[in-house]
Amino acid sequence: MSAKPEALPAQLNAWLAAQADKDLLRFITCGSVDDGKSTLIGRLLYESQALFEDQLSALERDSRRLGTQGQELDFALLVDGLAAEREQGITIDVAYRFFATEHRKYIVADTPGHEQYTRNMVTGASTAELAVILIDARKGVLTQTRRHSYLVSLLGIRRVVLAVNKMDLVEYAEPVFARIEREYREFAARIGLTQITAIPVSALVGDNVVEPGTHMPWYRGPTLLSHLDSVPPVQQSATQPFRMPVQWVNRPNHEFRGYAGLIAAGDVRVGDPLVVLPSGLESRVTRIVGPDGDLAQAIAGQSVTLVLEDQIDVSRGDLFASAAAPAQVSDLFEATVVWMSEEPMLPGRPYLLKCGARTATATVAPLKHKINVNTLEKLAARQLELNEIGLAHLSLDRPLAFDPYEDNRDTGGFILIDRISNSTVGAGLLHAALHRAQDLHWQMLDIDQGRRSAQKQQRACVLWFTGLSGAGKSTIANLVEKRLFGAGRHTYLLDGDNVRHGLCRDLGFTDVDRVENIRRVGEVAHLMTDAGLIVLVSFISPFRAERRLARSLLAPGEFFEIYIDTPLAEAERRDAKGLYRKARAGEIHNFTGIDSPYEPPENPEVHIDTRITSAEQAAEQIIMHLRKMGVIDRDWVFIP
Amino acid sequence: MLKLSHLARLEAESIHIFREVLAECERPVMLYSIGKDSSVMLHLALKAFHPAPLPFALLHVDTTWKFREMIAFRDQTARRLGLKLIVHINQEGVAMGINPFTHGSALHTDIMKTQSLKQALDRHGFDAAFGGARRDEEKSRAKERVFSLRSAQHRWDPKRQRPELWRLYNARMTKGESLRVFPLSNWTELDVWQYIYQENIPIVPLYFAKERPVVERDGALIMVDDERMPLAAGEQPRLRKVRFRTLGCYPLTGAIDSEADSLPAIIEEMLVARTSERQGRVIDQDGSASMEKKKQEGYF
């Protein structure tokens, strides 16, 4: 609204009609603490006359009371909203600002610049088409500038305005500006940012924000606002193949059945063939119901309801795609994950993933690496902490139709939700589908598990002993193995303590490491079963999820979960290795039962209560069970 | 190639938000305050679900001090569109005789609006409530999410706000928690007026200038809407051509002198006069962070 009253056309109706043609540009501003970002936005609002009189009088009042600019207006006070922020004098959350010129309407995501709030910047950037990156002319390109630029590039923003602010404090010197611009362009090119417009400004004084001002005659480029006004709108999604996530099925009566959603890319016309993903069913559009009645055509950005020619199965979470250029479908992805929760992200733990209108359960496989956003270095990582970014493999419990994020934000961006707290704990970008283990052809060998087992005259299986430290798992497992061995069976005992000396020497006792520890042991047990062995695993294995994982690696009937049930008080009383005493004394951390949880099995194949069962009796009970299940022949000869 | 205007984009976004709530929540309701923003919100909701009828009720929290014309407009709108309308009045507040004159605006608003809203939401077990608030209204609103989580006590915790990325909204909550959802988050006051003009949306006649009986108090023009309004000695209601930029409880809503009796005239006046709309609301002026505080306490 360069709504200077004198600029109003005489005919208001004509003016209103012109308003209808305005487009919308969403941009994000980012900068380090004290770069003067709030001042710049406040100045934009002020100079584009988006402020109302009472807001101005509140600003004058607040400037006198709180302001840092003496008798001048402190524009930062316009945009520092929350009371907590005012006290700290910093912006701590994403705020959205609105203004308009005679060319377009703007939505500004104002995001904080300091380290612990990367999450907010990613949030603001997710809907922005352009970024204004602020630099303090006195400080030049800082670590934070690089971080902001990397995030902007990661989130798919290609157009950047480099606003070199506080030119008033460097005597409006051209060489200072030129040096910063050169340095920034070199860095930006490395992260794929090439559409850069650098503008020297003084947000405080107002030079080159809306008007050029008088202090920098050497600069002949556009002011910030005139540049924003002239940037062509992003139209890429309209030229892409059609995509629409099905948000809701509208079925008010028997006559009407429509599928509602917002078109994420491309366009659709009545008669167009489309494919429903992931099912792959095909149909044709017979009606497009728009907000104002039936349409012949609809384009990206519109919320519509489509009616199809055939009665086919379509529900919320499906994706309509152009039949000629359908989206990919997979349940295993390579993805960038931005972690946004104080609780770290643990690989192996299930989270809810929402992409488009579909929600699925997702597990992050071990991270490939995390990214140091300051140096762009790739670092090895086991977990992600708040505000960390990593590249990972994501495994879903059901197939998802998607496009790479680089092609489409709406069908390639996702959020992760914690299943207990329901908080949004992460966000991510899908890059590519990976081939599932079952699609990767397992090298078929002539000698297989069945033949190897047959040679040993046994049935291969896993006996998985779980229970607290000191419950008696190893003692009982040892007895069982001796009996099997004595009967001529081919066995191997994987012991938790022993494995940690070699295979899992690099792992500690954090939750992440425990998950990985069990995964490796599960895989080893699986290979040994394939070799035809009866494998005994004696592991605390405190989490249900990981025991379930180990079970899932084996065929049904090959996995026996044996719960050695010794209550904590009893295990602690015995304390054969003196570990409980150390844990209580705080010398050992993450000790199961003390400061790390144990989740007892819900349906173990064998449940041994060691308070009423001796180790010998327990071994006998387990052998009996194996015999009953046909692992061991009924005419099994026991050699004591 | 077709091109979407900013209003078309805002409309599509609002419709998407309505549908997302219906798909993910069990018992949504629309808070209907009868004002122009509610009118726009209702218009968008009808479009979102067309040809199905509106799949949720309207809830009006009546403080018993609304303008009479608002109540008439409310009932007529519900009748005309065949909508389910729930009117909730805090009967305990009525029994205590709470009113803005003897108890002041803060206490009146708390008991008849904030507490009353919580009562109504709890009584009906609504898990999501649409509100017509916009981010451009006020500084603390600028940081409000579209889907805003409230505790079982209906409190808003700025530190527990969920990040909102792309068009992905997290509507999951644990029992007792609820959502406030703001489909007009990204609309400005001017957008709302332009849309009302473009779509020819009915609004309460109080927005248009007309001769009305008013008294001047602390710089605000208060309309004498009924005989409950106590007049100070020598205070005499005078007929002035006024209109309202926002609507609420009549004793707490200031009118402005105006000649604008049509939509184009209102928009023209807005562009010239430039006094932001919440100024008419008396409750915003106690303390500069007062809206944020009210939100934390559960005010919409």
# chains A, B, ... in the order shown; residues from 1 in each chain; ligands from 1
>>> residues_around(residues="Asp448 (chain A)", least_positions_apart="5", cutoff="9 Å", atoms="only C-alpha atoms", output="list in words")
Ser453, Asp530, Ala531 and Gly532 of chain A
>>> closest_atom_pairs(of="region 296-346 of chain A", to="region 368-391 of chain A", cutoff="8 Å", atoms="only C-alpha atoms", output="JSON lines")
{"residue": "A:Glu334", "atom": "CA", "partner": "A:Leu391", "partner_atom": "CA", "distance": 7.2}
{"residue": "A:Ala335", "atom": "CA", "partner": "A:Leu391", "partner_atom": "CA", "distance": 5.8}
{"residue": "A:Thr336", "atom": "CA", "partner": "A:Leu391", "partner_atom": "CA", "distance": 4.5}
{"residue": "A:Val337", "atom": "CA", "partner": "A:Gly390", "partner_atom": "CA", "distance": 5.4}
{"residue": "A:Val338", "atom": "CA", "partner": "A:Ile389", "partner_atom": "CA", "distance": 4.5}
{"residue": "A:Trp339", "atom": "CA", "partner": "A:Asn387", "partner_atom": "CA", "distance": 5.3}
{"residue": "A:Met340", "atom": "CA", "partner": "A:Leu386", "partner_atom": "CA", "distance": 5.1}
{"residue": "A:Ser341", "atom": "CA", "partner": "A:Leu386", "partner_atom": "CA", "distance": 5.1}
{"residue": "A:Glu342", "atom": "CA", "partner": "A:Leu386", "partner_atom": "CA", "distance": 5.2}
{"residue": "A:Glu343", "atom": "CA", "partner": "A:Glu385", "partner_atom": "CA", "distance": 7.1}
{"residue": "A:Pro344", "atom": "CA", "partner": "A:Glu385", "partner_atom": "CA", "distance": 4.6}
{"residue": "A:Met345", "atom": "CA", "partner": "A:Leu384", "partner_atom": "CA", "distance": 5.1}
{"residue": "A:Leu346", "atom": "CA", "partner": "A:Gln383", "partner_atom": "CA", "distance": 5.4}
>>> write_last_selection(atoms="N, CA and C atoms", output="mmCIF file, in the first residue's frame")
data_model
loop_
_atom_site.group_PDB
_atom_site.id
_atom_site.type_symbol
_atom_site.label_atom_id
_atom_site.label_comp_id
_atom_site.auth_asym_id
_atom_site.auth_seq_id
_atom_site.Cartn_x
_atom_site.Cartn_y
_atom_site.Cartn_z
ATOM 1 N N GLU A 334 16.647 -41.078 1.440
ATOM 2 C CA GLU A 334 17.741 -40.283 1.962
ATOM 3 C C GLU A 334 17.174 -38.888 2.207
ATOM 4 N N ALA A 335 17.429 -38.369 3.405
ATOM 5 C CA ALA A 335 16.791 -37.101 3.764
ATOM 6 C C ALA A 335 17.709 -36.275 4.653
ATOM 7 N N THR A 336 17.549 -34.956 4.560
ATOM 8 C CA THR A 336 18.200 -34.067 5.505
ATOM 9 C C THR A 336 17.233 -33.832 6.663
ATOM 10 N N VAL A 337 17.730 -33.950 7.873
ATOM 11 C CA VAL A 337 16.881 -33.742 9.038
ATOM 12 C C VAL A 337 17.422 -32.565 9.844
ATOM 13 N N VAL A 338 16.537 -31.622 10.180
ATOM 14 C CA VAL A 338 16.894 -30.509 11.057
ATOM 15 C C VAL A 338 16.231 -30.796 12.394
ATOM 16 N N TRP A 339 17.021 -30.911 13.435
ATOM 17 C CA TRP A 339 16.430 -31.302 14.719
ATOM 18 C C TRP A 339 16.031 -30.067 15.520
ATOM 19 N N MET A 340 14.825 -30.099 16.105
ATOM 20 C CA MET A 340 14.260 -28.892 16.706
ATOM 21 C C MET A 340 13.841 -29.098 18.146
ATOM 22 N N SER A 341 14.289 -30.182 18.758
ATOM 23 C CA SER A 341 13.834 -30.467 20.108
ATOM 24 C C SER A 341 15.020 -30.555 21.052
ATOM 25 N N GLU A 342 14.760 -30.269 22.306
ATOM 26 C CA GLU A 342 15.810 -30.372 23.323
ATOM 27 C C GLU A 342 16.200 -31.835 23.529
ATOM 28 N N GLU A 343 15.221 -32.737 23.375
ATOM 29 C CA GLU A 343 15.510 -34.169 23.435
ATOM 30 C C GLU A 343 16.220 -34.561 22.151
ATOM 31 N N PRO A 344 17.373 -35.218 22.221
ATOM 32 C CA PRO A 344 18.085 -35.524 20.979
ATOM 33 C C PRO A 344 17.332 -36.512 20.101
ATOM 34 N N MET A 345 17.642 -36.493 18.812
ATOM 35 C CA MET A 345 17.089 -37.485 17.903
ATOM 36 C C MET A 345 17.890 -38.759 17.989
ATOM 37 N N LEU A 346 17.206 -39.868 18.264
ATOM 38 C CA LEU A 346 17.898 -41.144 18.387
ATOM 39 C C LEU A 346 17.607 -42.007 17.166
#
>>> closest_atom_pairs(of="chain B", to="chain A", cutoff="8 Å", atoms="only C-alpha atoms", output="CSV")
residue,atom,partner,partner_atom,distance
B:Leu2,CA,A:Ile299,CA,7.2
B:Leu4,CA,A:Asp23,CA,7.1
B:Ser5,CA,A:Asp23,CA,5.0
B:His6,CA,A:Asp23,CA,4.9
B:Leu7,CA,A:Ala20,CA,7.1
B:Ala8,CA,A:Gln302,CA,7.6
B:Arg9,CA,A:Gly301,CA,6.5
B:Ala12,CA,A:Ser303,CA,4.8
B:Glu13,CA,A:Ser303,CA,7.4
B:Ile15,CA,A:Ser303,CA,6.5
B:His16,CA,A:Leu262,CA,6.4
B:Arg19,CA,A:Trp248,CA,6.6
B:Glu20,CA,A:Gln247,CA,6.7
B:Ala23,CA,A:Trp248,CA,6.1
B:Lys47,CA,A:Pro291,CA,5.3
B:Ala48,CA,A:Pro291,CA,7.0
B:Phe49,CA,A:Asn250,CA,7.3
B:His50,CA,A:Pro291,CA,8.0
B:Pro51,CA,A:Pro252,CA,7.3
B:Ala52,CA,A:Pro252,CA,4.9
B:Pro53,CA,A:Pro252,CA,7.5
B:Arg135,CA,A:Tyr96,CA,6.9
B:Asp136,CA,A:Phe98,CA,6.6
B:Lys139,CA,A:Gly81,CA,4.7
B:Ser140,CA,A:Gly81,CA,5.1
B:Ala142,CA,A:Ala95,CA,5.1
B:Lys143,CA,A:Ala95,CA,4.4
B:Glu144,CA,A:Ala95,CA,7.8
B:Arg162,CA,A:Thr424,CA,5.8
B:Pro163,CA,A:Thr123,CA,6.3
B:Glu164,CA,A:Thr123,CA,6.1
B:Leu165,CA,A:Thr123,CA,5.0
B:Trp166,CA,A:Ser126,CA,5.2
B:Arg167,CA,A:Asp410,CA,7.1
B:Leu168,CA,A:Gly356,CA,6.9
B:Asn170,CA,A:Thr424,CA,6.9
B:Arg172,CA,A:Asn422,CA,5.7
B:Met173,CA,A:Asn422,CA,5.8
B:Thr174,CA,A:Asn422,CA,7.3
B:Asn186,CA,A:Ile107,CA,7.8
B:Thr188,CA,A:Phe98,CA,7.2
B:Gln194,CA,A:Leu16,CA,7.4
B:Pro264,CA,A:Leu12,CA,6.7
B:Glu268,CA,A:Leu12,CA,7.2
B:Leu271,CA,A:Ala3,CA,6.5
B:Val272,CA,A:Pro5,CA,5.6
B:Arg274,CA,A:Phe52,CA,4.7
B:Thr275,CA,A:Glu53,CA,4.8
B:Ser276,CA,A:Phe52,CA,5.0
B:Gln279,CA,A:Asp54,CA,6.8
B:Ala289,CA,A:Ala83,CA,6.0
B:Glu292,CA,A:Leu82,CA,7.0
>>> select_by_dssp(residues="region 194-278 of chain A", states="strand (DSSP E)", output="list in words")
Gln195, Ile196, Thr197, Ala198, Ile199, Pro200, Arg243, Met244, Pro245, Trp248, Val249, Asn250, Gly258, Tyr259, Ala260, Gly261, Leu262, Asp267, Val268, Arg269, Pro273, Leu274, Val275, Val276 and Leu277 of chain A
>>> write_last_selection(atoms="N, CA and C atoms", output="compact mmCIF listing (two decimals), in the first residue's frame")
# COMPACT_ATOMS: atom_id res chain seq x y z
N GLN A 195 22.09 -15.96 -7.28
CA GLN A 195 21.28 -14.77 -7.58
C GLN A 195 21.35 -13.81 -6.41
N ILE A 196 22.44 -13.04 -6.35
CA ILE A 196 22.66 -12.18 -5.20
C ILE A 196 22.64 -10.71 -5.61
N THR A 197 21.89 -9.93 -4.86
CA THR A 197 21.89 -8.49 -5.07
C THR A 197 22.41 -7.85 -3.79
N ALA A 198 23.53 -7.14 -3.88
CA ALA A 198 24.11 -6.52 -2.69
C ALA A 198 23.73 -5.04 -2.66
N ILE A 199 23.26 -4.58 -1.49
CA ILE A 199 22.83 -3.19 -1.36
C ILE A 199 23.42 -2.60 -0.08
N PRO A 200 24.10 -1.45 -0.18
CA PRO A 200 24.59 -0.81 1.04
C PRO A 200 23.46 0.01 1.67
N ARG A 243 0.48 -32.09 -9.08
CA ARG A 243 0.52 -32.79 -7.80
C ARG A 243 -0.54 -32.20 -6.88
N MET A 244 -1.31 -33.05 -6.24
CA MET A 244 -2.23 -32.55 -5.21
C MET A 244 -2.39 -33.60 -4.11
N PRO A 245 -1.90 -33.32 -2.90
CA PRO A 245 -2.15 -34.24 -1.79
C PRO A 245 -3.64 -34.22 -1.44
N TRP A 248 -8.84 -34.30 2.18
CA TRP A 248 -10.10 -34.63 2.81
C TRP A 248 -11.06 -35.12 1.73
N VAL A 249 -11.81 -36.17 2.07
CA VAL A 249 -12.79 -36.69 1.11
C VAL A 249 -14.14 -36.05 1.43
N ASN A 250 -14.69 -35.35 0.47
CA ASN A 250 -15.96 -34.64 0.66
C ASN A 250 -17.09 -35.50 0.11
N GLY A 258 -16.05 -36.05 -3.69
CA GLY A 258 -14.94 -35.24 -4.23
C GLY A 258 -13.74 -35.33 -3.31
N TYR A 259 -12.59 -35.00 -3.88
CA TYR A 259 -11.35 -35.08 -3.12
C TYR A 259 -10.74 -33.69 -3.01
N ALA A 260 -10.66 -33.21 -1.76
CA ALA A 260 -10.26 -31.82 -1.55
C ALA A 260 -8.77 -31.74 -1.27
N GLY A 261 -8.16 -30.66 -1.77
CA GLY A 261 -6.75 -30.45 -1.49
C GLY A 261 -6.27 -29.15 -2.11
N LEU A 262 -5.04 -28.79 -1.75
CA LEU A 262 -4.42 -27.60 -2.33
C LEU A 262 -3.41 -28.08 -3.37
N ASP A 267 -0.86 -27.87 -13.11
CA ASP A 267 -2.25 -27.49 -13.27
C ASP A 267 -3.07 -28.71 -13.65
N VAL A 268 -4.38 -28.57 -13.58
CA VAL A 268 -5.27 -29.69 -13.89
C VAL A 268 -6.47 -29.13 -14.66
N ARG A 269 -6.88 -29.89 -15.67
CA ARG A 269 -8.06 -29.51 -16.45
C ARG A 269 -9.07 -30.65 -16.41
N PRO A 273 -6.15 -37.14 -17.33
CA PRO A 273 -5.93 -38.40 -16.62
C PRO A 273 -5.01 -38.16 -15.42
N LEU A 274 -5.27 -38.84 -14.33
CA LEU A 274 -4.34 -38.74 -13.22
C LEU A 274 -4.17 -40.08 -12.53
N VAL A 275 -3.11 -40.19 -11.76
CA VAL A 275 -2.82 -41.43 -11.06
C VAL A 275 -2.86 -41.16 -9.57
N VAL A 276 -3.42 -42.12 -8.82
CA VAL A 276 -3.48 -42.01 -7.37
C VAL A 276 -2.30 -42.78 -6.80
N LEU A 277 -1.50 -42.09 -5.98
CA LEU A 277 -0.33 -42.75 -5.40
C LEU A 277 -0.48 -42.85 -3.89
>>> atom_distance(atom1="CA of Gly82 (chain B)", atom2="CA of Val61 (chain B)")
19.3 Å
>>> atom_distance(atom1="CA of Ala152 (chain B)", atom2="CA of Phe130 (chain B)")
17.0 Å
>>> closest_residue(among="B:Ala78, B:Ile203, B:Val146, B:Leu252", to="Ala220 (chain B)", atoms="only C-alpha atoms")
B:Leu252
>>> closest_atom_pairs(of="region 486-520 of chain A", to="region 538-554 of chain A", cutoff="8 Å", atoms="only C-alpha atoms", output="CSV")
residue,atom,partner,partner_atom,distance
A:Leu493,CA,A:Ser538,CA,7.4
A:Leu494,CA,A:Ser538,CA,6.2
A:Asp495,CA,A:Ser538,CA,4.9
A:Gly496,CA,A:Phe539,CA,4.8
A:Arg514,CA,A:Ser541,CA,7.7
A:Val515,CA,A:Glu546,CA,6.4
A:Ile518,CA,A:Glu546,CA,6.5
A:Arg519,CA,A:Ala550,CA,6.8
>>> atom_distance(atom1="CA of Ala133 (chain B)", atom2="CA of Arg180 (chain B)")
10.0 Å
